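J.: Take a look at run31.cif, mmCIF, C-alpha atoms:
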```
data_target
#
loop_
_atom_site.label_atom_id
_atom_site.label_comp_id
_atom_site.auth_asym_id
_atom_site.auth_seq_id
_atom_site.Cartn_x
_atom_site.Cartn_y
_atom_site.Cartn_z
CA MET A 258 7.75 28.93 -33.26
CA ARG A 259 4.04 28.72 -34.03
CA LYS A 260 4.10 24.94 -33.79
CA ILE A 261 5.84 25.06 -30.41
CA LEU A 262 3.19 27.43 -29.07
CA ILE A 263 0.47 25.08 -30.27
CA ALA A 264 2.17 22.23 -28.45
CA CYS A 265 2.19 24.33 -25.28
CA PHE A 266 -1.52 24.93 -25.67
CA VAL A 267 -2.16 21.18 -25.97
CA PHE A 268 -0.37 20.60 -22.65
CA LEU A 269 -2.23 23.31 -20.80
CA THR A 270 -5.72 22.36 -21.90
CA VAL A 271 -5.81 18.59 -21.47
CA GLU A 272 -7.28 17.61 -18.10
CA GLY A 273 -5.35 15.00 -16.09
CA ALA A 274 -6.97 11.63 -15.35
CA PHE A 275 -5.85 8.11 -14.55
CA SER A 276 -5.34 6.18 -17.76
CA ALA A 277 -7.75 3.30 -18.33
CA THR A 278 -4.97 1.03 -19.60
CA PRO A 279 -1.49 0.47 -18.17
CA VAL A 280 0.80 3.39 -18.96
CA TRP A 281 3.84 1.44 -17.83
CA ARG A 282 4.20 -2.30 -17.58
CA VAL A 283 7.09 -2.72 -15.19
CA MET A 284 7.69 -6.42 -15.88
CA ASP A 285 5.89 -9.23 -17.66
CA THR A 286 6.49 -12.06 -15.22
CA VAL A 287 8.37 -12.31 -11.96
CA SER A 288 9.52 -15.76 -10.89
CA GLY A 289 8.85 -16.85 -7.33
CA ARG A 290 6.04 -16.20 -4.95
CA GLY A 291 4.54 -12.73 -4.89
CA GLY A 292 5.15 -10.60 -1.85
CA ALA A 293 4.30 -6.92 -1.45
CA ILE A 294 4.58 -3.67 -3.36
CA ALA A 295 5.25 -0.07 -2.33
CA ILE A 296 5.85 3.26 -4.03
CA SER A 297 7.22 6.62 -2.94
CA GLY A 298 8.24 9.46 -5.23
CA ASP A 299 10.43 8.21 -8.06
CA TYR A 300 10.94 4.75 -6.57
CA PHE A 301 8.83 1.62 -6.64
CA ALA A 302 9.62 -1.64 -4.80
CA VAL A 303 8.35 -5.18 -5.10
CA GLY A 304 9.05 -7.94 -2.58
CA LEU A 305 9.13 -11.46 -3.94
CA TRP A 306 9.18 -13.57 -0.77
CA ASP A 307 12.81 -14.46 -1.43
CA GLY A 308 14.17 -11.00 -2.20
CA PHE A 309 13.15 -7.63 -3.55
CA SER A 310 13.71 -5.22 -6.41
CA ILE A 311 13.59 -1.42 -6.48
CA TYR A 312 12.76 0.44 -9.67
CA ARG A 313 13.46 4.07 -10.46
CA LYS A 314 11.22 6.21 -12.61
CA GLU A 315 12.68 7.69 -15.77
CA ARG A 316 9.99 9.64 -17.54
CA ASN A 317 7.57 6.97 -18.82
CA ASP A 318 9.59 3.95 -17.76
CA TRP A 319 10.67 2.22 -14.57
CA VAL A 320 14.24 0.93 -14.66
CA LEU A 321 15.81 -1.55 -12.24
CA ASP A 322 17.75 0.39 -9.63
CA HIS A 323 18.57 -2.14 -6.90
CA GLU A 324 18.04 -5.85 -6.34
CA VAL A 325 18.62 -8.10 -3.32
CA GLU A 326 18.29 -11.87 -3.12
CA GLU A 327 17.07 -13.84 -0.13
CA ILE A 328 18.55 -12.94 3.25
CA GLY A 329 16.00 -14.79 5.39
CA ALA A 330 12.81 -16.77 4.83
CA GLY A 331 9.95 -14.46 3.94
CA PHE A 332 12.41 -11.67 3.13
CA GLY A 333 10.35 -9.12 1.23
CA GLU A 334 7.01 -10.59 2.32
CA TRP A 335 6.13 -7.13 3.56
CA LEU A 336 7.81 -3.83 2.82
CA SER A 337 7.32 -0.08 3.03
CA LEU A 338 8.93 2.85 1.24
CA SER A 339 9.02 6.51 2.29
CA ASP A 340 11.21 9.36 1.05
CA GLY A 341 14.41 7.39 0.56
CA VAL A 342 13.81 5.06 3.54
CA TYR A 343 12.97 1.43 2.87
CA ALA A 344 11.79 -1.12 5.46
CA VAL A 345 11.83 -4.82 4.54
CA GLY A 346 10.28 -7.50 6.75
CA SER A 347 11.83 -10.97 7.05
CA PRO A 348 9.47 -12.64 9.54
CA HIS A 349 9.99 -16.33 8.79
CA ASP A 350 13.72 -16.72 9.25
CA VAL A 351 14.09 -20.32 10.46
CA SER A 352 17.64 -19.63 11.64
CA THR A 353 16.20 -17.35 14.32
CA LEU A 354 13.28 -19.68 15.26
CA LEU A 355 10.89 -17.28 13.55
CA VAL A 356 11.90 -14.38 15.78
CA GLY A 357 12.03 -12.37 12.58
CA ARG A 358 13.94 -9.26 11.53
CA VAL A 359 13.38 -5.94 9.75
CA PHE A 360 16.05 -4.55 7.42
CA MET A 361 16.19 -0.77 7.19
CA TYR A 362 17.67 0.68 3.99
CA ARG A 363 18.40 4.32 3.21
CA LEU A 364 19.10 5.92 -0.16
CA THR A 365 22.61 7.38 0.17
CA ASP A 366 24.44 8.97 -2.76
CA GLY A 367 22.23 7.07 -5.19
CA GLU A 368 22.75 3.69 -3.48
CA TRP A 369 20.43 1.72 -1.21
CA ILE A 370 22.49 0.92 1.88
CA ILE A 371 21.49 -1.23 4.89
CA GLU A 372 21.29 1.24 7.73
CA GLN A 373 20.18 -1.04 10.56
CA ILE A 374 18.74 -4.50 11.24
CA LEU A 375 15.96 -4.59 13.84
CA SER A 376 14.65 -7.59 15.77
CA ASP A 377 11.96 -8.24 18.37
CA PRO A 378 12.90 -6.34 21.56
CA HIS A 379 11.65 -9.38 23.50
CA SER A 380 13.50 -11.93 21.28
CA ARG A 381 10.48 -14.26 21.33
CA PRO A 382 10.59 -17.32 19.05
CA TYR A 383 7.68 -17.83 16.64
CA TYR A 384 6.45 -14.23 16.91
CA CYS A 385 7.55 -13.37 13.37
CA PHE A 386 8.79 -9.82 13.94
CA GLY A 387 8.36 -7.95 10.63
CA HIS A 388 5.14 -9.72 9.66
CA GLU A 389 3.99 -6.22 8.61
CA VAL A 390 5.94 -2.95 8.40
CA ASP A 391 5.05 0.67 7.68
CA VAL A 392 7.47 3.60 7.60
CA ASP A 393 6.79 7.31 7.28
CA GLY A 394 9.89 9.48 7.39
CA ASP A 395 11.42 9.01 10.84
CA VAL A 396 8.62 6.85 12.29
CA LEU A 397 8.31 3.08 11.85
CA ALA A 398 5.62 0.57 12.86
CA VAL A 399 6.46 -3.15 12.97
CA THR A 400 4.01 -5.98 13.66
CA SER A 401 5.03 -9.19 15.38
CA SER A 402 2.39 -11.90 15.21
CA CYS A 403 2.72 -15.37 16.69
CA LEU A 404 2.37 -18.06 14.05
CA GLY A 405 3.72 -20.92 16.10
CA GLY A 406 0.46 -22.53 17.22
CA MET A 407 0.93 -24.11 20.63
CA GLU A 408 4.27 -22.34 20.97
CA CYS A 409 2.46 -19.01 21.41
CA GLU A 410 2.03 -17.58 24.87
CA GLU A 411 -1.69 -17.02 24.37
CA GLN A 412 -4.41 -16.86 21.75
CA ASN A 413 -4.26 -14.01 19.22
CA SER A 414 -0.78 -12.99 20.36
CA SER A 415 0.48 -9.95 18.50
CA GLU A 416 2.23 -6.70 19.27
CA LEU A 417 2.89 -3.47 17.43
CA HIS A 418 6.34 -1.97 17.90
CA LEU A 419 6.94 1.73 17.23
CA TYR A 420 10.38 3.13 16.41
CA ARG A 421 11.75 6.60 15.77
CA PHE A 422 14.91 7.58 13.91
CA ASP A 423 17.07 9.92 16.01
CA GLY A 424 19.38 10.95 13.19
CA GLU A 425 21.75 8.04 13.71
CA GLN A 426 19.73 4.96 14.65
CA TRP A 427 16.21 3.61 14.84
CA GLN A 428 15.28 3.66 18.52
CA PHE A 429 12.54 1.48 19.99
CA GLU A 430 9.88 3.80 21.37
CA GLN A 431 6.83 1.85 22.50
CA ALA A 432 4.94 -1.43 22.16
CA ILE A 433 1.16 -1.69 21.89
CA PRO A 434 -0.02 -5.12 23.12
CA GLU A 435 -2.44 -7.06 20.88
CA GLY A 436 -1.79 -4.47 18.18
CA TRP A 437 -1.01 -5.25 14.56
CA GLY A 438 -1.25 -3.91 11.03
CA GLY A 439 -0.26 -0.41 12.13
CA LYS A 440 0.08 2.44 9.65
CA VAL A 441 1.93 5.59 10.73
CA ARG A 442 1.74 9.10 9.33
CA GLY A 443 3.67 11.65 11.33
CA ASP A 444 2.61 11.52 14.97
CA ARG A 445 -0.55 9.50 14.36
CA CYS A 446 -0.93 5.73 14.05
CA VAL A 447 -3.96 3.63 13.13
CA LEU A 448 -3.88 -0.07 14.00
CA ILE A 449 -5.99 -3.14 14.69
CA ARG A 450 -6.14 -4.60 18.18
CA TRP A 451 -7.48 -7.87 19.48
CA VAL A 452 -10.10 -6.95 22.09
CA PHE A 453 -11.92 -9.40 24.35
CA ARG A 454 -15.67 -8.93 24.06
CA GLY A 455 -18.12 -11.27 25.82
CA THR A 456 -16.91 -14.81 25.19
CA GLY A 457 -14.10 -14.22 22.75
CA TYR A 458 -11.73 -11.92 20.92
CA THR A 459 -12.71 -9.55 18.13
CA GLU A 460 -10.74 -7.12 16.00
CA LYS A 461 -11.24 -3.41 16.59
CA LEU A 462 -9.70 -0.43 14.86
CA PHE A 463 -7.95 2.23 16.97
CA SER A 464 -6.13 5.49 16.37
CA TYR A 465 -3.17 6.53 18.51
CA ARG A 466 -1.40 9.88 18.78
CA PHE A 467 2.14 10.65 19.89
CA ASP A 468 2.02 13.43 22.50
CA GLY A 469 5.77 14.09 22.43
CA THR A 470 6.52 11.44 25.04
CA VAL A 471 4.28 8.39 24.55
CA TRP A 472 1.68 7.07 22.14
CA ILE A 473 -1.80 7.45 23.63
CA GLU A 474 -5.09 5.94 22.52
CA GLU A 475 -7.15 8.50 20.65
CA LYS A 476 -10.26 6.68 19.40
CA GLU A 477 -11.86 3.25 19.11
CA PHE A 478 -13.91 2.98 15.92
CA ASP A 479 -17.29 1.30 15.71
CA PHE A 480 -18.91 0.22 12.47
CA PRO A 481 -22.51 -0.68 11.64
CA HIS A 482 -21.79 -4.34 10.95
CA GLY A 483 -18.89 -4.69 13.34
CA ILE A 484 -16.86 -6.67 10.81
CA PHE A 485 -14.27 -5.13 8.55
CA GLN A 486 -11.49 -6.35 6.34
CA TRP A 487 -8.02 -6.40 7.84
CA ASN A 488 -6.75 -3.75 5.48
CA PHE A 489 -7.50 -0.05 5.61
CA GLY A 490 -6.12 3.13 4.09
CA PHE A 491 -4.66 5.98 6.11
CA ASN A 492 -2.98 9.22 5.02
CA GLY A 493 -2.70 11.13 8.29
CA ASP A 494 -5.90 13.16 8.30
CA HIS A 495 -8.16 10.70 6.46
CA LEU A 496 -8.97 7.06 7.13
CA ALA A 497 -10.70 4.65 4.75
CA VAL A 498 -11.94 1.32 6.11
CA ALA A 499 -14.16 -1.44 4.75
CA ASP A 500 -17.24 -2.53 6.67
CA VAL A 501 -18.53 -5.95 5.69
CA ASP A 502 -21.91 -7.40 6.58
CA SER A 503 -21.70 -11.05 7.57
CA GLY A 504 -25.19 -11.75 6.23
CA GLN A 505 -26.14 -13.21 2.88
CA THR A 506 -27.36 -9.89 1.48
CA ARG A 507 -24.55 -7.56 2.27
CA GLU A 508 -23.90 -3.98 1.40
CA ASN A 509 -20.15 -3.88 1.47
CA ALA A 510 -19.05 -0.29 1.87
CA VAL A 511 -15.93 1.73 2.48
CA TYR A 512 -16.26 4.53 5.02
CA ILE A 513 -13.98 7.54 4.84
CA TYR A 514 -13.32 9.48 8.04
CA ALA A 515 -11.69 12.90 8.30
CA PHE A 516 -9.97 14.27 11.39
CA ASP A 517 -11.52 17.65 12.19
CA GLY A 518 -8.90 18.69 14.74
CA SER A 519 -10.55 17.03 17.71
CA ASP A 520 -12.27 13.87 16.49
CA TRP A 521 -12.68 11.52 13.54
CA VAL A 522 -15.94 12.22 11.69
CA GLU A 523 -17.50 10.32 8.82
CA GLU A 524 -16.98 12.17 5.55
CA ALA A 525 -18.17 9.69 2.91
CA LYS A 526 -19.60 6.23 2.36
CA LEU A 527 -18.48 4.50 -0.84
CA ILE A 528 -20.71 1.74 -2.20
CA SER A 529 -19.45 -0.79 -4.72
CA PRO A 530 -20.36 0.47 -8.22
CA GLY A 531 -20.55 -3.15 -9.35
CA TYR A 532 -22.60 -4.41 -6.40
CA ASP A 533 -22.85 -8.17 -6.22
CA ASP A 534 -23.53 -10.45 -3.27
CA GLU A 535 -20.38 -12.36 -4.15
CA ASN A 536 -18.11 -9.30 -4.30
CA ILE A 537 -16.01 -8.12 -1.39
CA PHE A 538 -15.71 -4.39 -1.97
CA GLY A 539 -12.86 -3.08 0.14
CA CYS A 540 -10.75 -6.25 0.24
CA GLU A 541 -7.81 -3.89 -0.05
CA ILE A 542 -7.58 -0.11 0.30
CA VAL A 543 -4.80 2.40 -0.26
CA LEU A 544 -5.17 6.07 0.54
CA HIS A 545 -2.72 8.80 -0.37
CA ASP A 546 -3.44 12.53 -0.40
CA ASN A 547 -6.84 12.88 -2.08
CA VAL A 548 -6.75 9.53 -3.90
CA CYS A 549 -8.39 6.37 -2.53
CA VAL A 550 -8.05 3.05 -4.39
CA VAL A 551 -10.47 0.29 -3.38
CA GLY A 552 -9.93 -3.32 -4.39
CA SER A 553 -12.93 -5.55 -5.06
CA LEU A 554 -12.74 -9.35 -5.03
CA ALA A 555 -15.19 -11.23 -7.25
CA ASN A 556 -16.28 -14.87 -7.34
CA ASP A 557 -14.29 -15.18 -10.57
CA PRO A 558 -10.77 -13.75 -9.99
CA GLN A 559 -10.72 -12.45 -13.55
CA ASP A 560 -13.56 -10.11 -12.59
CA ASN A 561 -11.61 -8.52 -9.76
CA ALA A 562 -11.35 -4.75 -10.04
CA ALA A 563 -9.88 -1.67 -8.43
CA TYR A 564 -11.89 1.55 -8.18
CA VAL A 565 -10.22 4.95 -7.96
CA TYR A 566 -11.88 7.77 -6.01
CA GLU A 567 -10.63 11.35 -5.77
CA SER A 568 -11.79 14.02 -3.35
CA SER A 569 -12.35 17.72 -3.71
CA ASP A 570 -13.68 19.78 -0.79
CA GLY A 571 -14.73 16.62 1.04
CA VAL A 572 -16.63 15.12 -1.91
CA TRP A 573 -15.30 11.75 -3.13
CA THR A 574 -15.94 10.94 -6.79
CA LEU A 575 -15.29 7.74 -8.74
CA THR A 576 -12.82 8.66 -11.49
CA ALA A 577 -11.52 5.34 -12.82
CA LYS A 578 -11.94 1.58 -12.75
CA PHE A 579 -9.13 -0.86 -13.42
CA ASP A 580 -10.24 -4.36 -14.36
CA ARG A 581 -9.25 -7.18 -16.68
CA TRP A 582 -7.26 -6.14 -19.74
CA VAL A 583 -5.26 -9.30 -20.48
CA ASP A 584 -7.41 -12.44 -20.53
CA GLU A 585 -4.81 -14.81 -19.13
CA LEU A 586 -4.07 -12.62 -16.10
CA GLN A 587 -6.17 -12.71 -12.96
CA PHE A 588 -6.11 -9.06 -12.07
CA GLY A 589 -5.76 -8.06 -8.47
CA ASP A 590 -5.50 -11.34 -6.57
CA PHE A 591 -5.24 -8.96 -3.65
CA ASN A 592 -5.07 -11.42 -0.78
CA TYR A 593 -3.15 -14.22 -2.51
CA HIS A 594 -4.73 -17.53 -1.51
CA GLY A 595 -6.47 -15.96 1.47
CA GLU A 596 -3.28 -14.81 3.17
CA SER A 597 -2.62 -11.34 4.57
CA PRO A 598 -4.07 -8.58 2.39
CA GLY A 599 -2.33 -5.32 1.70
CA LYS A 600 -0.02 -6.58 -1.00
CA GLY A 601 -1.75 -6.07 -4.32
CA LEU A 602 -2.16 -2.28 -4.50
CA ALA A 603 0.05 0.72 -3.85
CA SER A 604 -0.27 4.42 -4.64
CA ASP A 605 1.53 7.69 -4.08
CA GLY A 606 -1.39 9.76 -5.37
CA LYS A 607 0.14 10.18 -8.82
CA HIS A 608 0.70 6.52 -9.64
CA ILE A 609 -1.18 3.33 -8.87
CA ILE A 610 0.74 0.06 -8.79
CA VAL A 611 -1.15 -3.20 -9.27
CA MET A 612 0.10 -6.75 -8.77
CA SER A 613 -1.69 -9.25 -10.99
CA TYR A 614 -1.40 -13.04 -11.05
CA SER A 615 -1.53 -15.44 -13.95
CA SER A 616 -2.95 -18.96 -13.72
CA ASN A 617 0.32 -20.25 -12.24
CA TYR A 618 0.33 -17.41 -9.69
CA ASN A 619 3.46 -15.73 -10.96
CA PRO A 620 2.91 -12.00 -10.51
CA SER A 621 3.06 -9.26 -13.08
CA ILE A 622 3.35 -5.66 -12.02
CA PHE A 623 1.50 -2.83 -13.73
CA ALA A 624 1.93 0.89 -13.10
CA PHE A 625 -0.83 3.33 -13.93
CA GLY A 626 0.16 6.98 -14.15
CA LYS A 627 -1.89 10.07 -13.68
CA CYS A 628 -0.91 12.08 -16.72
CA PRO A 629 -1.49 15.83 -16.83
CA ALA A 630 -1.65 15.33 -20.59
CA MET A 631 -0.63 12.91 -23.32
CA ASP A 632 2.06 13.70 -25.85
CA LEU A 633 1.57 13.22 -29.56
CA ASN A 634 2.68 9.58 -29.40
CA GLY A 635 0.16 8.80 -26.67
CA ASP A 636 2.80 8.70 -23.92
CA CYS A 637 2.32 10.40 -20.61
CA PHE A 638 3.39 14.04 -20.61
CA VAL A 639 4.85 14.29 -17.12
CA THR A 640 6.77 17.51 -16.48
CA VAL A 641 7.47 20.83 -18.07
CA ALA A 642 10.88 19.42 -19.05
CA ASP A 643 8.99 17.14 -21.44
CA LEU A 644 7.87 20.20 -23.38
CA GLN A 645 10.98 19.88 -25.53
CA VAL A 646 10.01 16.30 -26.38
CA ILE A 647 6.49 17.16 -27.46
CA ALA A 648 7.75 20.18 -29.40
CA GLU A 649 10.27 18.02 -31.24
CA GLN A 650 7.55 15.49 -32.04
CA TRP A 651 5.42 18.25 -33.50
CA LEU A 652 8.28 19.70 -35.53
CA THR A 653 9.20 16.30 -36.96
CA GLY A 654 5.75 15.74 -38.37
CA HIS A 655 3.58 14.21 -35.63
CA ARG A 656 0.08 15.60 -36.07
#
```
Any chance you could give the structure as structure tokens?

T.:
Amino acid sequence: MRKILIACFVFLTVEGAFSATPVWRVMDTVSGRGGAIAISGDYFAVGLWDGFSIYRKERNDWVLDHEVEEIGAGFGEWLSLSDGVYAVGSPHDVSTLLVGRVFMYRLTDGEWIIEQILSDPHSRPYYCFGHEVDVDGDVLAVTSSCLGGMECEEQNSSELHLYRFDGEQWQFEQAIPEGWGGKVRGDRCVLIRWVFRGTGYTEKLFSYRFDGTVWIEEKEFDFPHGIFQWNFGFNGDHLAVADVDSGQTRENAVYIYAFDGSDWVEEAKLISPGYDDENIFGCEIVLHDNVCVVGSLANDPQDNAAYVYESSDGVWTLTAKFDRWVDELQFGDFNYHGESPGKGLASDGKHIIVMSYSSNYNPSIFAFGKCPAMDLNGDCFVTVADLQVIAEQWLTGHR
């Protein structure tokens, strides 16, 4: 009994922090081209361009739960996961002249079942419906972006489509012209829009709010340098976005905004801890609850890093840095040969998933866990149910 009480004391007094080395290595190498990653609760998904896999968490391990092979070209290029709902983009399906599709899955009785297949409401060839997707509960944002060159109707053609689940089907709700890259949280959406300024188009960040009937523009954001990376983090009441100076001496920063009930106000400015003219701090950002993960691209891919910030009462503090730990892996090739970012990092606030590429660009997936404490074997002590495990370790001679 005394030993069990001591074990309890160990659990209660060790402060939680993100581990500096991978707690779980989901897989060593995945064949095929890397796609996207997403995590929600006890499930983690990875798209592989020609299919996807879903893993389920079992204490300190992730076990394969569901796997689907190619349905259409680019299937799994972009995906999103939220509370048992899974959206998978298939934008480059040649059989549909690149109209594209989005496959909606729902976890039903322990099985991932296709619930509905969505396509561009306008059925436009070459607009690659599903180029990006983001789902939050009953709300879904889908980007269609014209990649057909001269086949496009006009320059910078894109559109953001918003859907809502009515209990039986996903119903098309509204389209936002020139919008793309939308992230939805409840009744608020943040997206990028092509805006004509002076002699040409530029990208601007906007927030929209659903008023119960339609989505209305809430705010257009302005940044000191006017140039930001295409990715940003959004959790509903906080927004994290990179601002990049186009000059030679640049102070790349990530600005965090908080919604105060009436407007978005700047809450923090994060500066790269490893400042270097060659680094792009904020090449990728994920934001969930009070955790913000910022990717940083270096001149040498093996020097890429991800920085973890956590907030308390509006103060954001650097709590961890993930960088190279296996020499032959190029950690965090976040934007994969300069293509769309947003694929190399994912977080649910308790876990951080990282996609890393080796020299032949086959991805490996790493999962970092935020452990309340470590058990006597150095494994993550996750829940109170694990108390029996740590007690048994103590009783069998682990000291």

J.: Nearest to A:Arg445: which of A:Leu375, A:Val551, A:Ile433, A:Val396 is it, counting all atoms listed in the file?

T.: A:Val396

J.: Could you name the residues that touch stretch 458-469 of chain A at 6 Å or less, counting only C-alpha atoms, but leaving out those on the same chain fewer than 3 positions away, as a ChimeraX atom specification?

T.: /A:444-454,472-478

J.: Which polymer residues, protein or nucleic acid, are no farther than 6 Å from (-11.0, -1.1, -10.5), counting all atoms listed in the file, as a list of chain:residue names?

T.: A:Ala562, A:Ala563, A:Tyr564, A:Lys578, A:Phe579, A:Asp580

J.: Mind giving me the straight-line distance from atom CA of A:Phe516 to atom CA of A:Asp570 in Å, one decimal?

T.: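 These atoms are spaced 13.9 Å apart.
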
J.: Using all atoms listed in the file for the distances, tell me which of A:Leu544, A:Leu602, A:Val611, A:Leu355 is nearest to A:Tyr514.

T.: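 The answer is A:Leu544, which sits nearest to A:Tyr514.
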
J.: Check which residues satisfy the PyMOL selection byres ((chain A and resi 357) around 9) in the file shown, then give them as a list in words.

T.: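 Answer for the PyMOL selection byres ((chain A and resi 357) around 9): Gly329, Ala330, Gly346, Ser347, Pro348, His349, Asp350, Val351, Thr353, Leu354, Leu355, Val356, Arg358, Val359, Leu375, Ser376, Asp377, Ser380, Pro382, Tyr383, Tyr384, Cys385, Phe386, Gly387, His388 and Ser401 of chain A.
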
J.: For stretch 329-345 of chain A, supply N, CA and C atoms and report the output as a compact mmCIF listing (two decimals), in the coordinates of the input.

T.:
```
# COMPACT_ATOMS: atom_id res chain seq x y z
N GLY A 329 16.67 -13.92 4.42
CA GLY A 329 16.00 -14.79 5.39
C GLY A 329 14.66 -15.19 4.82
N ALA A 330 14.09 -16.29 5.34
CA ALA A 330 12.81 -16.77 4.83
C ALA A 330 11.74 -15.69 4.98
N GLY A 331 10.97 -15.49 3.92
CA GLY A 331 9.95 -14.46 3.94
C GLY A 331 10.51 -13.06 3.71
N PHE A 332 11.79 -12.97 3.35
CA PHE A 332 12.41 -11.67 3.13
C PHE A 332 11.71 -10.97 1.96
N GLY A 333 11.10 -9.84 2.24
CA GLY A 333 10.35 -9.12 1.23
C GLY A 333 8.87 -9.44 1.25
N GLU A 334 8.44 -10.27 2.22
CA GLU A 334 7.01 -10.59 2.32
C GLU A 334 6.21 -9.32 2.57
N TRP A 335 6.79 -8.41 3.34
CA TRP A 335 6.13 -7.13 3.56
C TRP A 335 7.19 -6.03 3.52
N LEU A 336 6.85 -4.91 2.94
CA LEU A 336 7.81 -3.83 2.82
C LEU A 336 7.09 -2.49 2.79
N SER A 337 7.87 -1.44 3.03
CA SER A 337 7.32 -0.08 3.03
C SER A 337 8.40 0.87 2.57
N LEU A 338 7.99 1.91 1.86
CA LEU A 338 8.93 2.85 1.24
C LEU A 338 8.47 4.27 1.51
N SER A 339 9.39 5.13 1.97
CA SER A 339 9.02 6.51 2.29
C SER A 339 10.22 7.43 2.18
N ASP A 340 10.23 8.28 1.17
CA ASP A 340 11.21 9.36 1.05
C ASP A 340 12.64 8.87 1.25
N GLY A 341 13.03 7.86 0.50
CA GLY A 341 14.41 7.39 0.56
C GLY A 341 14.69 6.46 1.72
N VAL A 342 13.67 6.03 2.46
CA VAL A 342 13.81 5.06 3.54
C VAL A 342 12.98 3.84 3.16
N TYR A 343 13.59 2.65 3.33
CA TYR A 343 12.97 1.43 2.87
C TYR A 343 13.02 0.39 3.99
N ALA A 344 11.86 -0.09 4.42
CA ALA A 344 11.79 -1.12 5.46
C ALA A 344 11.35 -2.43 4.84
N VAL A 345 12.10 -3.51 5.12
CA VAL A 345 11.83 -4.82 4.54
C VAL A 345 11.68 -5.84 5.66
```
